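J.: The structure is given below, and queries will be raised subsequently.
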Amino acid sequence: MAAALAAAAIAVAFLFLWGADGADPEPEFATLLPEPLPLPEFSLSDQHGEPFTRDSLRGQTSLLFFGFTHCPDICPATLQQLSLARKQIAEASPGDPLPAIVLISVDPERDTPGKLDKYVSAFGEDVTGVTGTRESLLPLTSALGIFFERQPLDGGDYTVSHSTAVLVVDGDANFRALFSAPHKTEYFVHDIPLLMAAQ
Amino acid sequence: MSTCTRLAVVLVMLGACSAEQSPPLDVSGVTAYAALPGQAAGVAYFSLQNSTPVAVTLREVSSPEYSSVEMHTTLMDEGIARMTPLDLLTIAGESVVVFAPGGPHLMLMEPVEELATGDEVTLEFHYDYDGDLDGEGPGLLTVRTPLLSR
């Protein structure tokens with residue numbers, strides 16, 4: 001009897017430590033779409049001037065962020081967080097697949113492929129910069145609910161107001177989940193491997 | 001010297017020490033990033049603490065290493081970032097304003113000379129009091145900080 005009680009106590013303790021209900025950990029910070037949303041066809045260019053289309057997103061989970069190189073604040077901060085998160089994920093699980101990081105410019109007039117090439121290289125390897133024309137951006141941004149708008153500044157200059165969410169797109173080019181600002185590196189580190197494992 | 005006189009001298013000295021140890025406006029946690037390739041401006045973040053009981057107005061930030069320094073803030077509205085210039089910034093008495101990504105920030109525009117990661121730059125905070133604080137006038141707070149890379 002005593003042995004049975006001891007075994008039961010150990011089993012309860014194990015379940016408590018492992019997770020009371022035995023459930024797998026779930027994403028805590030990302031918002032999951034009820035159903036995957038297939039991306040529409042679009043035609044843009046990467047930082048090398050090569051075509052970047054929906055098919056470019058196939059085969060690897062991608063983290064999409066819509067920003068621009070003249071943005072001094074939230075764009076570089078977010079790309080830095082994503083880059084750091086991917087590094088930490090790689091260190092925690094060597095050999096596991098990693099997500100691509102994709103910056104899609106909402107300032108295509110100023111963000112040429114050459115400018116994007118220099119800019120994204122500051123955030124490490126496997127960061128893709130994407131640009132095009134405003135017209136060629138609209139099919140993608142409209143489908144994903146991404147807002148961007150020029151905002152005039154004194155002296156004839158301008159900035160761009162834009163959505164700040166980080167979108168998770170699976171290897172079949174389906175929009176799966178999003179992270180809303182304010183972003184934190186640890187949010188990405190916790191949720192991204194879980195989102196990738198669930199796909 | 002009488003005991004009272006000695007006590008008065010000590011109190012005056014303590015007061016002077018206290019004033020030196022608690023500057024009216026203090027800056028901490030300065031993080032300045034050099035402009036990335038293709039970027040027009042670097043950026044700086046920090047915390048500003050007003051330890052006085054009255055409001056302090058930050059009127060301008062300058063730097064000898066840059067042609068201009070602008071105060072901006074990013075306003076978040078339902079997930080959309082909108083950047084707007086700040087002509088000045090009021091820091092309420094005994095409070096802290098944090099310049100951080102997604103909020104107030106300094107834009108470091110047009111370096112006078114080419115700057116690289118690790119170079120030190122100077123930030124000069126020009127401020128004054130909204131009220132009369134024992135005759136204190138406009139203040140200048142200067143800090144030096146290294147430029148970081150992303």
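As shown in the structure tokens, the chain order sets the letters A, B, ...; within each chain, residues go from 1, and ligands are also counted from 1 in the order they appear.
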Dump as a PyMOL selection string the residues of chain B that approach chain A to within 12 Å, counting only C-alpha atoms.
T.: chain B and resi 32-45+70-85+99-109+149-150
J.: Determine, counting only C-alpha atoms, which protein, DNA and RNA residues have an atom within 10 Å of an atom of stretch 113-128 of chain B; residues of the same chain fewer than 6 positions away are not included. Present the result as JSON, numbers by chain.
T.: {"B": [24, 25, 26, 27, 30, 32, 33, 34, 35, 44, 48, 55, 56, 57, 58, 59, 60, 61, 62, 63, 64, 65, 66, 67, 69, 88, 89, 90, 106, 136, 137, 138, 139, 140, 141, 142, 143, 144, 145, 146, 147, 148, 149, 150]}
J.: Using N, CA and C atoms, can you write the selected residues to a file as a tab-separated table (two decimals), in the first residue's frame?
T.:
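Result saved to again_13.tsv:
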chain	number	residue	atom	x	y	z
B	24	PRO	N	19.26	68.77	-11.42
B	24	PRO	CA	17.83	68.92	-11.71
B	24	PRO	C	17.37	68.00	-12.83
B	25	LEU	N	18.22	67.83	-13.84
B	25	LEU	CA	17.87	66.95	-14.95
B	25	LEU	C	19.02	65.98	-15.15
B	26	ASP	N	18.69	64.71	-15.18
B	26	ASP	CA	19.74	63.70	-15.32
B	26	ASP	C	19.38	62.78	-16.48
B	27	VAL	N	20.39	62.35	-17.20
B	27	VAL	CA	20.17	61.43	-18.31
B	27	VAL	C	20.89	60.12	-18.01
B	30	VAL	N	21.94	55.92	-21.99
B	30	VAL	CA	22.03	56.43	-23.37
B	30	VAL	C	22.48	55.32	-24.32
B	32	ALA	N	23.05	55.06	-28.44
B	32	ALA	CA	23.03	55.79	-29.72
B	32	ALA	C	23.49	54.85	-30.83
B	33	TYR	N	22.70	54.78	-31.87
B	33	TYR	CA	23.04	53.93	-33.02
B	33	TYR	C	23.47	54.80	-34.20
B	34	ALA	N	24.56	54.37	-34.83
B	34	ALA	CA	24.97	55.04	-36.07
B	34	ALA	C	23.94	54.76	-37.15
B	35	ALA	N	23.86	55.66	-38.12
B	35	ALA	CA	22.95	55.43	-39.25
B	35	ALA	C	23.37	54.17	-39.98
B	44	ALA	N	18.98	57.93	-31.13
B	44	ALA	CA	19.46	57.80	-29.74
B	44	ALA	C	18.27	57.66	-28.80
B	48	LEU	N	15.32	60.42	-19.22
B	48	LEU	CA	15.54	61.75	-18.65
B	48	LEU	C	14.77	61.84	-17.34
B	55	ALA	N	8.13	71.44	-13.32
B	55	ALA	CA	8.32	70.90	-14.67
B	55	ALA	C	9.59	71.47	-15.30
B	56	VAL	N	10.25	70.66	-16.09
B	56	VAL	CA	11.42	71.07	-16.86
B	56	VAL	C	11.07	70.90	-18.33
B	57	THR	N	11.44	71.89	-19.13
B	57	THR	CA	11.16	71.81	-20.56
B	57	THR	C	12.45	71.56	-21.33
B	58	LEU	N	12.48	70.46	-22.04
B	58	LEU	CA	13.61	70.18	-22.92
B	58	LEU	C	13.34	70.90	-24.24
B	59	ARG	N	14.17	71.92	-24.52
B	59	ARG	CA	13.88	72.78	-25.68
B	59	ARG	C	14.60	72.30	-26.94
B	60	GLU	N	15.75	71.70	-26.74
B	60	GLU	CA	16.54	71.35	-27.92
B	60	GLU	C	17.63	70.36	-27.50
B	61	VAL	N	18.01	69.52	-28.42
B	61	VAL	CA	19.19	68.69	-28.23
B	61	VAL	C	20.10	68.96	-29.42
B	62	SER	N	21.36	69.17	-29.14
B	62	SER	CA	22.32	69.42	-30.22
B	62	SER	C	23.51	68.50	-30.05
B	63	SER	N	24.33	68.48	-31.07
B	63	SER	CA	25.55	67.66	-31.01
B	63	SER	C	26.58	68.27	-31.95
B	64	PRO	N	27.80	68.47	-31.49
B	64	PRO	CA	28.81	69.02	-32.39
B	64	PRO	C	29.17	68.07	-33.53
B	65	GLU	N	28.82	66.80	-33.38
B	65	GLU	CA	29.17	65.83	-34.41
B	65	GLU	C	28.11	65.75	-35.52
B	66	TYR	N	26.97	66.38	-35.31
B	66	TYR	CA	25.89	66.31	-36.30
B	66	TYR	C	25.41	67.71	-36.69
B	67	SER	N	25.00	67.84	-37.95
B	67	SER	CA	24.48	69.13	-38.39
B	67	SER	C	23.19	69.47	-37.69
B	69	VAL	N	20.06	67.75	-34.78
B	69	VAL	CA	19.47	66.68	-33.98
B	69	VAL	C	18.00	67.04	-33.80
B	88	LEU	N	9.33	70.61	-28.50
B	88	LEU	CA	9.88	70.62	-27.14
B	88	LEU	C	9.20	69.51	-26.35
B	89	LEU	N	9.75	69.25	-25.20
B	89	LEU	CA	9.21	68.16	-24.39
B	89	LEU	C	9.18	68.61	-22.93
B	90	THR	N	8.02	68.52	-22.31
B	90	THR	CA	7.90	68.90	-20.92
B	90	THR	C	7.97	67.65	-20.04
B	106	LEU	N	15.60	60.53	-30.49
B	106	LEU	CA	16.38	61.58	-31.14
B	106	LEU	C	16.84	61.08	-32.50
B	136	GLU	N	17.19	79.52	-10.62
B	136	GLU	CA	17.88	78.72	-11.63
B	136	GLU	C	17.41	79.15	-13.02
B	137	GLY	N	18.33	79.25	-13.94
B	137	GLY	CA	17.97	79.64	-15.30
B	137	GLY	C	18.05	78.46	-16.24
B	138	PRO	N	18.22	78.73	-17.52
B	138	PRO	CA	18.35	77.65	-18.50
B	138	PRO	C	19.53	76.75	-18.15
B	139	GLY	N	19.37	75.48	-18.42
B	139	GLY	CA	20.42	74.53	-18.09
B	139	GLY	C	20.94	73.82	-19.32
B	140	LEU	N	22.11	73.29	-19.20
B	140	LEU	CA	22.72	72.49	-20.27
B	140	LEU	C	23.29	71.22	-19.66
B	141	LEU	N	22.85	70.11	-20.17
B	141	LEU	CA	23.34	68.81	-19.71
B	141	LEU	C	24.06	68.16	-20.88
B	142	THR	N	25.27	67.76	-20.65
B	142	THR	CA	26.09	67.19	-21.74
B	142	THR	C	26.50	65.77	-21.40
B	143	VAL	N	26.34	64.87	-22.35
B	143	VAL	CA	26.81	63.49	-22.17
B	143	VAL	C	27.57	63.06	-23.42
B	144	ARG	N	28.54	62.18	-23.21
B	144	ARG	CA	29.23	61.57	-24.34
B	144	ARG	C	28.92	60.09	-24.35
B	145	THR	N	28.75	59.56	-25.53
B	145	THR	CA	28.36	58.14	-25.64
B	145	THR	C	28.94	57.55	-26.92
B	146	PRO	N	29.30	56.28	-26.90
B	146	PRO	CA	29.81	55.66	-28.12
B	146	PRO	C	28.67	55.30	-29.07
B	147	LEU	N	28.95	55.34	-30.35
B	147	LEU	CA	27.96	54.93	-31.35
B	147	LEU	C	27.98	53.39	-31.44
B	148	LEU	N	26.81	52.80	-31.40
B	148	LEU	CA	26.68	51.35	-31.48
B	148	LEU	C	26.21	50.95	-32.88
B	149	SER	N	26.46	49.68	-33.22
B	149	SER	CA	25.88	49.15	-34.45
B	149	SER	C	24.68	48.30	-34.08
B	150	ARG	N	23.83	48.01	-35.04
B	150	ARG	CA	22.66	47.18	-34.78
B	150	ARG	C	23.05	45.74	-34.63
J.: What gap, in Å, lies between atom CA of A:Glu50 and atom CA of A:Asp170?
T.: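 Straight-line distance from atom CA of A:Glu50 to atom CA of A:Asp170 works out to 21.5 Å.
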J.: Could you give me the residues within stretch 32-187 of chain A that DSSP places in alpha helix (DSSP H), as a PyMOL selection string?
T.: chain A and resi 74-92+113-121+134-144+185-187
J.: What residues in chain A get the DSSP label strand (DSSP E or B)? Please answer as a ChimeraX atom specification.
T.: /A:31-38,43-46,51-53,58,62-67,100-105,127-131,148-152,158-163,166-169,172,174-179
J.: So that I can check the surroundings of A:Leu144, please list as a PyMOL selection string every protein, DNA and RNA residue that reaches within 9 Å of it, counting only C-alpha atoms and ignoring chain neighbours fewer than 2 positions away.
T.: chain A and resi 37+39+139-142+146+167+175
J.: Please provide the set of residues having any atom within 8 Å of A:Asp191, restricted to only C-alpha atoms, with same-chain residues fewer than 5 positions apart removed, written as a ChimeraX atom specification.
T.: /A:26-30
J.: Just C-alpha atoms for this one: save the residues we selected as a PDB file, in the first residue's frame.
T.:
ATOM      1  CA  GLU A  26       1.415  26.897 -27.146  1.00  0.00           C
ATOM      2  CA  PRO A  27       2.239  30.293 -28.633  1.00  0.00           C
ATOM      3  CA  GLU A  28       1.574  32.992 -26.060  1.00  0.00           C
ATOM      4  CA  PHE A  29       2.247  36.217 -27.898  1.00  0.00           C
ATOM      5  CA  ALA A  30       1.290  35.712 -31.537  1.00  0.00           C
TER       6      ALA A  30
END
J.: Please determine, counting only C-alpha atoms, which residue among A:Ile101, A:Ala198, A:Ile192, A:Val127 has the shortest atom-to-atom distance to A:Leu63.
T.: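 Using only C-alpha atoms, A:Leu63 sits closest to A:Ile101.
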J.: Calculate how many Å separate atom CA of A:Leu178 from atom CA of A:Pro113, rounding to one decimal.
T.: 26.0 Å
J.: Rounded to one decimal, what separation in Å do you get between atom CA of A:Leu57 and atom CA of A:Ala173?
T.: 5.6 Å
